[in-house]
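These notes concern the structure reproduced below.
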There are 2 protein chains.
Amino acid sequence: MTSETLHFEAPRGMRDFYPEDMDVRNAIFAAWTRAARQFGFAQYDACVVESLDLLKRKSGEEIIDQIYAFQDKSGRELALRPEMTPTLARLIAARQGGLTFPLKWFALAQCFRYERMSRGRKREHYQWNLDIVGEPSLAAEAEVLACALHALSLLGLEANDARVHFSNRALLADLLLKFNIPAAHHPATFLALDKRGKIPDEEITKLLKTAGLDDSHLESVFKITGIQSLDQAQAVLEGTPASLLATRTLTALMADYGLSDRIRFDIGVVRGLGYYTGIVFEAFDVDKKFRAIFGGGRYDRLLEDVGGKPLPAVGLGFGDVVIAELLADKGKPGDHRERLDMAIGFMEDSQQPIAVQIAQALRLTGKTVEGALHAEKPRHFFARVGKGGVRQALYLGPDDLARGSVRVKDLENRTETEIPLNVIRTPERASP
Amino acid sequence: MTSETLHFEAPRGMRDFYPEDMDVRNAIFAAWTRAARQFGFAQYDACVVESLDLLKRKSGEEIIDQIYAFQDKSGRELALRPEMTPTLARLIAARQGGLTFPLKWFALAQCFRYERMSRGRKREHYQWNLDIVGEPSLAAEAEVLACALHALSLLGLEANDARVHFSNRALLADLLLKFNIPAAHHPATFLALDKRGKIPDEEITKLLKTAGLDDSHLESVFKITGIQSLDQAQAVLEGTPASLLATRTLTALMADYGLSDRIRFDIGVVRGLGYYTGIVFEAFDVDKKFRAIFGGGRYDRLLEDVGGKPLPAVGLGFGDVVIAELLADKGKPGDHRERLDMAIGFMEDSQQPIAVQIAQALRLTGKTVEGALHAEKPRHFFARVGKGGVRQALYLGPDDLARGSVRVKDLENRTETEIPLNVIRTPERASP
């Protein structure tokens, strides 16, 4: 590989978006934005460069090793954010007195992680972040889930395509305590259990032992992970703690949204981030062919942890990579190009001024118009614009100008309309 | 300052966007995107992380000192791009055989520069990049200028608000040669002249001397910068070189767009980037209160320089910071919040399920609906939703459910409509 060809590639793990790639990305961003707006979420953003200190303290344990960190020319410790939640907590903590809660915010945030490159994993992606801050009830979990499922619907994915698996870390903690596994071991246990299905169970066992669990603990942990339903969990617990009630409440709330068939209890959902405190969830395609489409949960202590006043919070992250793979697999979202209203071409330089005037006059009425930049043969013009991206075409030759009218071709119906030139007012004439 | 409060701030020079800031940014992005689409430009993007090598070789001289550079964990030399043009050249060079030219592309690209912090200058901004690649004629310059001016119109800025100043580096080179200043000194001369008005003329003189110009050269340079019109330039040149003809052609083309009154020849426009080869331009507010709104020009050798086949190109960059300052100064773009169709509140927990069902049913018909997450007093609900962000409000109490109908309040007309509950179909009932 010569040094010249090297320049043509994006840095390893980073993505280029040619126009056809942008069409897919824009379709996904549009569904995210539309769903968020339909549920009354307000958009926020922050720079992708964040202070390393904030990220180190508040990101998930696993993430810290994967942070792109660097110093600026003043020696400031900076980083490309691996996730948006610590930044969200910072923004809210900074204005906690002036904001109205519960607050519903969303962001379309680029996030970076230095990961080993495997199975087409990228080192950056865009993530839809959807958060409700200041609402302690399960209504917050139900609302973010309903909104994310609405975004899937807008992309054409319904109940037979994707499903949410959910659990509750508080319930899992109650189960662990029931088997005498002390709370001090819970964070490491959560982290290990989050890896089930991604690494062999023997590796999970090793991780749990490293975390300080003995053989009887291990047996209990794997008994807990075998629980299939909330009724089974209740039988094990011999009672109905708040954590179990909350988990049942979420099911009831989702029924009000008409989404009961889209969620299922799954004790195996734990999530890798340290800050979750209650309900946790992940959405998958029904065949589980792909990694999680979105994931999130309740993180009631994060605001406090960044130095703000305590505030309950629920959020989710929904990346653009897995959903794009899933949509491609399902043959969706299909052709999302925005078609142009008109393309204008001309045969000779002498028709260029009138071509420009017509194009500009149409644009001033709100139309989208592609104007040729140089003279071309009609064959070349119609071949270029007849590929489905343009509704109407107008090709100017010397005869048209002599006749004082132009022929507008409808490229969909293959019809032709003759329009007098003086009807298409030029911008100079349009001004009073 | 304690370490806790530090966490609430974005890193120095980086911006946070609270929802009210996003409204302004979204209005600017929407105008850029709309104008580009109306002129038939296709959107592209690339990761903000670029290879340092590409940027070092192809960015403007002045920029290189300001690059945020870092290494990834494999020792790769990376950087946050200071501008998009080298990346554009890379993308095109990589697929030069498969693309159709002239190609019209745009991007909304975040760019970073480590600058001394003065007068509120930021270290990152978003930049609308608009480029035409593969068109040698002046039609390319005219098209990008007309498109950028259209974006200004969409933001409410017309002829009495902002204006394009343009010149031609090839014409400036012809003038320098006419005064026996050899071509080898031109790049440094261009860079020095670009700083006029930003630093004192004595500093410019020093820069020119450092570049190798002698006293007679200096006198000539300042004579050239005193040229007020194309006619004066022609008189000095005692002829009509191609560079002068091209500059006149641009004026004629802009008249076809109906935009003659928006551009003026200004020998002082040079631009700081090394790669420009022909027409260069900058747009300013008419009072020149602010820095340049957008700037750009022709760069016919960049594709070659990154290792591609030669292709002529014209482009511009239009940042989000100056335009936002100018819009704020003019009291524009005003209130760009997207108002919600409806807000729904309820008095007691027992009305929550029906509130959720109504909200969800309305969303499935395409409406934007804010649903309360917990019971609240009517006074609190109407105070919260009556701030202008919501069109209609629906507040549910026990009486409404008993009566079987709800009252929808129009918050604009202050009218009220009674709607039977069974008319608002729930999502469960809506499915066949």
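Letters for chains follow the order of the structure tokens (A, B, ...), residue numbers begin at 1 for each chain, and ligand numbers begin at 1 in the order shown.
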Write out as a list in words each polymer residue whose atoms come within 12 Å of Gly226 of chain B, counting only C-alpha atoms; drop sequence neighbours fewer than 6 positions from it. Leu175, Glu219, Ser220, Gln232, Ala233, Val236, Asp266, Ile267 and Gly268 of chain B
Please identify every residue of chain A that has at least one atom no more than 7 Å from any atom of chain B, counting only C-alpha atoms, and report them as a PDB file with N, CA and C atoms, in the first residue's frame.
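Here's the written file iface_28.pdb:
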```pdb
ATOM      1  N   GLU A   4       0.045   7.248  -0.864  1.00  0.00           N
ATOM      2  CA  GLU A   4      -1.061   7.972  -1.517  1.00  0.00           C
ATOM      3  C   GLU A   4      -2.411   7.293  -1.239  1.00  0.00           C
ATOM      4  N   HIS A   7      -4.263   7.778   2.082  1.00  0.00           N
ATOM      5  CA  HIS A   7      -5.034   9.002   2.327  1.00  0.00           C
ATOM      6  C   HIS A   7      -6.500   8.874   1.972  1.00  0.00           C
ATOM      7  N   PHE A   8      -6.827   7.855   1.217  1.00  0.00           N
ATOM      8  CA  PHE A   8      -8.205   7.708   0.766  1.00  0.00           C
ATOM      9  C   PHE A   8      -9.077   7.029   1.804  1.00  0.00           C
ATOM     10  N   ALA A  10     -10.671   6.344   5.691  1.00  0.00           N
ATOM     11  CA  ALA A  10     -10.931   6.944   7.000  1.00  0.00           C
ATOM     12  C   ALA A  10     -10.033   6.246   8.025  1.00  0.00           C
ATOM     13  N   PRO A  11      -9.700   6.911   9.139  1.00  0.00           N
ATOM     14  CA  PRO A  11      -8.940   6.226  10.187  1.00  0.00           C
ATOM     15  C   PRO A  11      -9.689   4.956  10.621  1.00  0.00           C
ATOM     16  N   MET A  14     -13.439   4.349  11.968  1.00  0.00           N
ATOM     17  CA  MET A  14     -14.240   5.560  11.751  1.00  0.00           C
ATOM     18  C   MET A  14     -14.988   5.412  10.423  1.00  0.00           C
ATOM     19  N   ARG A  15     -16.153   6.034  10.348  1.00  0.00           N
ATOM     20  CA  ARG A  15     -16.989   5.852   9.163  1.00  0.00           C
ATOM     21  C   ARG A  15     -17.060   7.081   8.265  1.00  0.00           C
ATOM     22  N   ASP A  16     -17.038   6.837   6.967  1.00  0.00           N
ATOM     23  CA  ASP A  16     -17.370   7.858   5.978  1.00  0.00           C
ATOM     24  C   ASP A  16     -18.830   7.659   5.586  1.00  0.00           C
ATOM     25  N   PHE A  17     -19.510   8.745   5.273  1.00  0.00           N
ATOM     26  CA  PHE A  17     -20.894   8.672   4.812  1.00  0.00           C
ATOM     27  C   PHE A  17     -21.000   9.314   3.437  1.00  0.00           C
ATOM     28  N   TYR A  18     -20.993   8.485   2.402  1.00  0.00           N
ATOM     29  CA  TYR A  18     -21.289   8.983   1.058  1.00  0.00           C
ATOM     30  C   TYR A  18     -22.787   9.273   0.995  1.00  0.00           C
ATOM     31  N   PRO A  19     -23.251  10.034  -0.013  1.00  0.00           N
ATOM     32  CA  PRO A  19     -24.671  10.415  -0.032  1.00  0.00           C
ATOM     33  C   PRO A  19     -25.631   9.237   0.168  1.00  0.00           C
ATOM     34  N   MET A  22     -25.709   8.524   3.767  1.00  0.00           N
ATOM     35  CA  MET A  22     -26.402   9.600   4.490  1.00  0.00           C
ATOM     36  C   MET A  22     -27.909   9.413   4.422  1.00  0.00           C
ATOM     37  N   ARG A  37     -40.052  13.984  19.447  1.00  0.00           N
ATOM     38  CA  ARG A  37     -40.941  15.155  19.406  1.00  0.00           C
ATOM     39  C   ARG A  37     -42.384  14.738  19.670  1.00  0.00           C
ATOM     40  N   GLN A  38     -42.794  13.587  19.127  1.00  0.00           N
ATOM     41  CA  GLN A  38     -44.177  13.147  19.334  1.00  0.00           C
ATOM     42  C   GLN A  38     -44.466  12.846  20.802  1.00  0.00           C
ATOM     43  N   PHE A  39     -43.417  12.534  21.560  1.00  0.00           N
ATOM     44  CA  PHE A  39     -43.586  12.268  22.992  1.00  0.00           C
ATOM     45  C   PHE A  39     -43.224  13.489  23.843  1.00  0.00           C
ATOM     46  N   GLY A  40     -42.952  14.613  23.207  1.00  0.00           N
ATOM     47  CA  GLY A  40     -42.702  15.840  23.959  1.00  0.00           C
ATOM     48  C   GLY A  40     -41.317  15.955  24.565  1.00  0.00           C
ATOM     49  N   ALA A  42     -37.485  17.364  24.532  1.00  0.00           N
ATOM     50  CA  ALA A  42     -36.771  18.520  23.986  1.00  0.00           C
ATOM     51  C   ALA A  42     -35.333  18.115  23.674  1.00  0.00           C
ATOM     52  N   GLN A  43     -34.799  18.656  22.577  1.00  0.00           N
ATOM     53  CA  GLN A  43     -33.448  18.270  22.155  1.00  0.00           C
ATOM     54  C   GLN A  43     -32.377  19.080  22.866  1.00  0.00           C
ATOM     55  N   TYR A  44     -31.278  18.421  23.233  1.00  0.00           N
ATOM     56  CA  TYR A  44     -30.105  19.104  23.773  1.00  0.00           C
ATOM     57  C   TYR A  44     -28.884  18.519  23.087  1.00  0.00           C
ATOM     58  N   ASP A  45     -27.723  19.107  23.299  1.00  0.00           N
ATOM     59  CA  ASP A  45     -26.486  18.554  22.769  1.00  0.00           C
ATOM     60  C   ASP A  45     -25.333  19.117  23.576  1.00  0.00           C
ATOM     61  N   ALA A  46     -24.173  18.515  23.411  1.00  0.00           N
ATOM     62  CA  ALA A  46     -22.956  19.040  24.022  1.00  0.00           C
ATOM     63  C   ALA A  46     -21.822  18.581  23.128  1.00  0.00           C
ATOM     64  N   CYS A  47     -20.703  19.225  23.270  1.00  0.00           N
ATOM     65  CA  CYS A  47     -19.561  18.889  22.422  1.00  0.00           C
ATOM     66  C   CYS A  47     -19.109  17.453  22.681  1.00  0.00           C
ATOM     67  N   GLU A  50     -15.209  15.981  25.944  1.00  0.00           N
ATOM     68  CA  GLU A  50     -15.653  16.134  27.333  1.00  0.00           C
ATOM     69  C   GLU A  50     -14.413  16.074  28.229  1.00  0.00           C
ATOM     70  N   SER A  51     -14.545  16.535  29.475  1.00  0.00           N
ATOM     71  CA  SER A  51     -13.386  16.450  30.360  1.00  0.00           C
ATOM     72  C   SER A  51     -13.201  14.996  30.809  1.00  0.00           C
ATOM     73  N   LEU A  54     -14.611  13.874  34.327  1.00  0.00           N
ATOM     74  CA  LEU A  54     -16.036  13.542  34.438  1.00  0.00           C
ATOM     75  C   LEU A  54     -16.297  12.130  33.931  1.00  0.00           C
ATOM     76  N   TYR A  68     -11.076   7.333  24.315  1.00  0.00           N
ATOM     77  CA  TYR A  68     -10.095   8.088  23.537  1.00  0.00           C
ATOM     78  C   TYR A  68      -9.747   9.330  24.334  1.00  0.00           C
ATOM     79  N   PHE A  70      -6.972  12.503  25.390  1.00  0.00           N
ATOM     80  CA  PHE A  70      -5.851  13.280  24.869  1.00  0.00           C
ATOM     81  C   PHE A  70      -5.723  14.574  25.665  1.00  0.00           C
ATOM     82  N   ASP A  72      -5.075  18.823  25.482  1.00  0.00           N
ATOM     83  CA  ASP A  72      -4.999  19.957  24.549  1.00  0.00           C
ATOM     84  C   ASP A  72      -3.662  20.666  24.783  1.00  0.00           C
ATOM     85  N   ARG A  90     -24.076  16.324  33.952  1.00  0.00           N
ATOM     86  CA  ARG A  90     -23.351  17.591  34.142  1.00  0.00           C
ATOM     87  C   ARG A  90     -24.219  18.788  33.757  1.00  0.00           C
ATOM     88  N   LEU A  91     -24.891  18.699  32.593  1.00  0.00           N
ATOM     89  CA  LEU A  91     -25.733  19.809  32.109  1.00  0.00           C
ATOM     90  C   LEU A  91     -26.860  20.106  33.091  1.00  0.00           C
ATOM     91  N   ALA A  93     -27.012  19.214  36.372  1.00  0.00           N
ATOM     92  CA  ALA A  93     -26.474  19.673  37.650  1.00  0.00           C
ATOM     93  C   ALA A  93     -26.124  21.161  37.593  1.00  0.00           C
ATOM     94  N   ALA A  94     -25.645  21.616  36.423  1.00  0.00           N
ATOM     95  CA  ALA A  94     -25.230  23.014  36.282  1.00  0.00           C
ATOM     96  C   ALA A  94     -26.400  23.984  36.386  1.00  0.00           C
ATOM     97  N   ALA A 139     -43.699   5.305  35.548  1.00  0.00           N
ATOM     98  CA  ALA A 139     -44.203   5.991  34.350  1.00  0.00           C
ATOM     99  C   ALA A 139     -43.046   6.455  33.467  1.00  0.00           C
ATOM    100  N   ALA A 140     -41.900   6.778  34.080  1.00  0.00           N
ATOM    101  CA  ALA A 140     -40.743   7.232  33.315  1.00  0.00           C
ATOM    102  C   ALA A 140     -40.185   6.102  32.442  1.00  0.00           C
ATOM    103  N   ASP A 256     -51.165  -0.057  29.071  1.00  0.00           N
ATOM    104  CA  ASP A 256     -51.890   1.185  28.780  1.00  0.00           C
ATOM    105  C   ASP A 256     -51.433   1.792  27.450  1.00  0.00           C
ATOM    106  N   TYR A 257     -50.153   1.641  27.138  1.00  0.00           N
ATOM    107  CA  TYR A 257     -49.627   2.141  25.865  1.00  0.00           C
ATOM    108  C   TYR A 257     -49.991   1.209  24.705  1.00  0.00           C
ATOM    109  N   GLY A 258     -50.628   0.075  25.016  1.00  0.00           N
ATOM    110  CA  GLY A 258     -50.925  -0.903  23.963  1.00  0.00           C
ATOM    111  C   GLY A 258     -49.698  -1.672  23.522  1.00  0.00           C
ATOM    112  N   VAL A 306     -22.415  13.360  40.368  1.00  0.00           N
ATOM    113  CA  VAL A 306     -21.644  14.431  39.718  1.00  0.00           C
ATOM    114  C   VAL A 306     -21.640  15.709  40.556  1.00  0.00           C
ATOM    115  N   GLY A 307     -22.322  15.679  41.720  1.00  0.00           N
ATOM    116  CA  GLY A 307     -22.275  16.842  42.603  1.00  0.00           C
ATOM    117  C   GLY A 307     -23.552  17.650  42.611  1.00  0.00           C
ATOM    118  N   LEU A 340     -35.885  15.481  -6.173  1.00  0.00           N
ATOM    119  CA  LEU A 340     -35.925  16.890  -6.565  1.00  0.00           C
ATOM    120  C   LEU A 340     -37.183  17.160  -7.365  1.00  0.00           C
ATOM    121  N   PRO A 353     -28.291  31.660 -19.280  1.00  0.00           N
ATOM    122  CA  PRO A 353     -28.921  32.675 -18.428  1.00  0.00           C
ATOM    123  C   PRO A 353     -30.392  32.379 -18.142  1.00  0.00           C
ATOM    124  N   VAL A 356     -30.745  29.496 -15.691  1.00  0.00           N
ATOM    125  CA  VAL A 356     -30.468  29.938 -14.321  1.00  0.00           C
ATOM    126  C   VAL A 356     -31.649  30.730 -13.764  1.00  0.00           C
ATOM    127  N   GLN A 357     -32.220  31.606 -14.606  1.00  0.00           N
ATOM    128  CA  GLN A 357     -33.344  32.435 -14.143  1.00  0.00           C
ATOM    129  C   GLN A 357     -34.559  31.585 -13.786  1.00  0.00           C
ATOM    130  N   GLN A 360     -33.829  29.630 -10.506  1.00  0.00           N
ATOM    131  CA  GLN A 360     -33.857  30.491  -9.326  1.00  0.00           C
ATOM    132  C   GLN A 360     -35.283  30.932  -9.005  1.00  0.00           C
ATOM    133  N   ARG A 363     -36.986  28.115  -7.283  1.00  0.00           N
ATOM    134  CA  ARG A 363     -36.493  27.965  -5.903  1.00  0.00           C
ATOM    135  C   ARG A 363     -37.142  28.982  -4.976  1.00  0.00           C
ATOM    136  N   LYS A 367     -39.432  25.410  -4.511  1.00  0.00           N
ATOM    137  CA  LYS A 367     -39.111  24.150  -5.187  1.00  0.00           C
ATOM    138  C   LYS A 367     -37.632  23.777  -5.025  1.00  0.00           C
ATOM    139  N   THR A 368     -37.353  22.472  -5.154  1.00  0.00           N
ATOM    140  CA  THR A 368     -35.975  21.991  -5.189  1.00  0.00           C
ATOM    141  C   THR A 368     -35.611  21.778  -6.661  1.00  0.00           C
ATOM    142  N   VAL A 369     -34.552  22.458  -7.094  1.00  0.00           N
ATOM    143  CA  VAL A 369     -34.228  22.486  -8.522  1.00  0.00           C
ATOM    144  C   VAL A 369     -32.733  22.296  -8.756  1.00  0.00           C
ATOM    145  N   GLU A 370     -32.402  21.294  -9.553  1.00  0.00           N
ATOM    146  CA  GLU A 370     -31.025  21.057  -9.944  1.00  0.00           C
ATOM    147  C   GLU A 370     -30.795  21.757 -11.273  1.00  0.00           C
ATOM    148  N   LEU A 373     -24.705  23.007 -14.867  1.00  0.00           N
ATOM    149  CA  LEU A 373     -23.658  24.026 -14.759  1.00  0.00           C
ATOM    150  C   LEU A 373     -22.967  24.282 -16.085  1.00  0.00           C
ATOM    151  N   PRO A 427     -36.374  36.022 -11.124  1.00  0.00           N
ATOM    152  CA  PRO A 427     -36.306  36.708  -9.827  1.00  0.00           C
ATOM    153  C   PRO A 427     -36.204  38.227  -9.974  1.00  0.00           C
ATOM    154  N   GLU A 428     -35.486  38.721 -11.016  1.00  0.00           N
ATOM    155  CA  GLU A 428     -35.369  40.174 -11.199  1.00  0.00           C
ATOM    156  C   GLU A 428     -36.758  40.769 -11.418  1.00  0.00           C
TER     157      GLU A 428
END
```
B:Val133, B:Ala183, B:His217, B:Leu152 ranked by distance to Leu99 of chain B, top pick (using only C-alpha atoms): B:Val133
Give me, as JSON, numbers by chain, the residues of segment 306-407 of chain A that a backbone DSSP run labels strand (DSSP E). {"A": [313, 314, 315, 316, 317, 318, 319, 340, 341, 342, 343, 344, 345, 346, 369, 370, 371, 390, 391, 392, 393, 394, 395, 396, 405, 406, 407]}
Between A:Thr247, A:Gln127, A:Ser167, A:Thr417, which one has atoms that come closest to Thr225 of chain A, using only C-alpha atoms? A:Ser167
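As for atom CA of Lys58 of chain A and atom CA of Tyr299 of chain A, they are spaced 11.4 Å apart.
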